[in-house]
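Working notes, beginning with the structure itself.
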Amino acid sequence: MCLNCIFGAENYFIKMNRIEIESILGKTYPFLKETDIVSILQIGTYQKLKNKATLIRAGQQKPKIFFILKGMVRGYYINLKGEVINVFLRPEHTMTGAPDALFANRATKYTFEAILETHVLFFSFEEFEKLMPENPIFFKVYIEVLQENVQTLVSRVESLIDKLPEERYDELLEKKPQFFQKAFNKHIANYLGITPNSLSRIIKRKKMGE
């Protein structure tokens, strides 16, 4: 169902309307023309999600991407020990999806879920790809999305390998302060590769040192 078809339906747009969505897309990708934004919205489906609502579930294979208008999304998998491992914490105004489903064409091992109230635009990856030959500007969007996702993951890998827990905390607080405003401490701790108790101790030390 296209975004145009559901505008005004149910209660989805009580807090967000088409003008707001167009404005967010325009500010995130300032090189897009008004007609380009319209093309994007025509293949998008808007959803307002409650806390812990699932965007992508482990086992799904059909490629799917989403743009976060407001809120935050986490992506995780469950390891062989039954532990939840947070790999992705994605803030608003970013686009992402399950990389194994998108690029390896296999069922994803990741589950993506909303943190608190979150507003997203869903896209079929196939539909998004079809826009590229029609208008080269969408290649630019695609490249920017890939660059942002790769840079985020590389930065995180380097941080986990080369930095102490408190240094990881300081770096995340400096680069992504919105995480501490929208995500729960247990999610941040898992993302940093430490326990919630360790994160609490770091935060307490920081407050005492102010």
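Letters for chains follow the order of the structure tokens (A, B, ...), residue numbers begin at 1 for each chain, and ligand numbers begin at 1 in the order shown.
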Determine, counting only C-alpha atoms, which protein, DNA and RNA residues have an atom within 7 Å of an atom of region 174-187 of chain A; residues of the same chain fewer than 5 positions away are not included. Present the result as a count of residues only.
-> 4
Kindly assemble as a Markdown table a list of the region 1-79 of chain A residues that lie within 12 Å of region 142-159 of chain A, each paired with its nearest atom pair and their distance in Å to one decimal, using only C-alpha atoms, sorted first by chain and then by ascending residue number.
| residue | atom | partner | partner_atom | distance |
| --- | --- | --- | --- | --- |
| A:Thr28 | CA | A:Glu144 | CA | 10.3 |
| A:Tyr29 | CA | A:Glu144 | CA | 8.9 |
| A:Pro30 | CA | A:Glu144 | CA | 11.8 |
| A:Phe31 | CA | A:Glu144 | CA | 11.3 |
| A:Ile65 | CA | A:Val145 | CA | 10.7 |
| A:Phe66 | CA | A:Val145 | CA | 11.0 |
| A:Phe67 | CA | A:Val145 | CA | 10.0 |
Which is closer to Leu41 (chain A) than all the others in A:Leu192, A:Leu131, A:Ile202, A:Leu173, using only C-alpha atoms?
-> A:Leu131
Would you list the contacts of Lys70 (chain A) as JSON, numbers by chain, taking every protein, DNA or RNA residue within 8 Å and counting only C-alpha atoms, but skipping same-chain residues closer than 6 positions in sequence?
-> {"A": [91, 92, 93, 118, 119, 120]}
How about saving the chosen residues, N, CA and C atoms kept, as a short mmCIF file (atom, residue, chain, number, x, y, z; two decimals), in the first residue's frame?
data_model
loop_
_atom_site.label_atom_id
_atom_site.label_comp_id
_atom_site.auth_asym_id
_atom_site.auth_seq_id
_atom_site.Cartn_x
_atom_site.Cartn_y
_atom_site.Cartn_z
N PRO A 91 19.30 6.02 15.03
CA PRO A 91 18.55 7.21 15.43
C PRO A 91 17.64 7.71 14.31
N GLU A 92 16.85 8.71 14.63
CA GLU A 92 15.96 9.28 13.63
C GLU A 92 16.75 9.93 12.50
N HIS A 93 16.11 10.01 11.36
CA HIS A 93 16.65 10.60 10.13
C HIS A 93 17.78 9.75 9.54
N THR A 118 7.94 5.38 17.83
CA THR A 118 8.80 5.59 16.67
C THR A 118 7.96 5.69 15.41
N HIS A 119 8.33 6.63 14.53
CA HIS A 119 7.63 6.83 13.26
C HIS A 119 8.59 6.47 12.13
N VAL A 120 8.14 5.62 11.21
CA VAL A 120 9.03 5.16 10.14
C VAL A 120 8.32 5.17 8.80
#
Which residue, A:Gly75, A:Pro99, A:Gly209, A:Gly193, has the smallest gap to Lys52 (chain A) when you use only C-alpha atoms?
->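 For Lys52 (chain A), the nearest of the candidates is A:Gly75.
Our summary of the geometry notes that CA of Ala107 (chain A) is positioned 28.3 Å from CA of Ile161 (chain A).
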CA of Lys50 (chain A) to CA of Lys62 (chain A): how many Å, to one decimal?
-> 23.1 Å
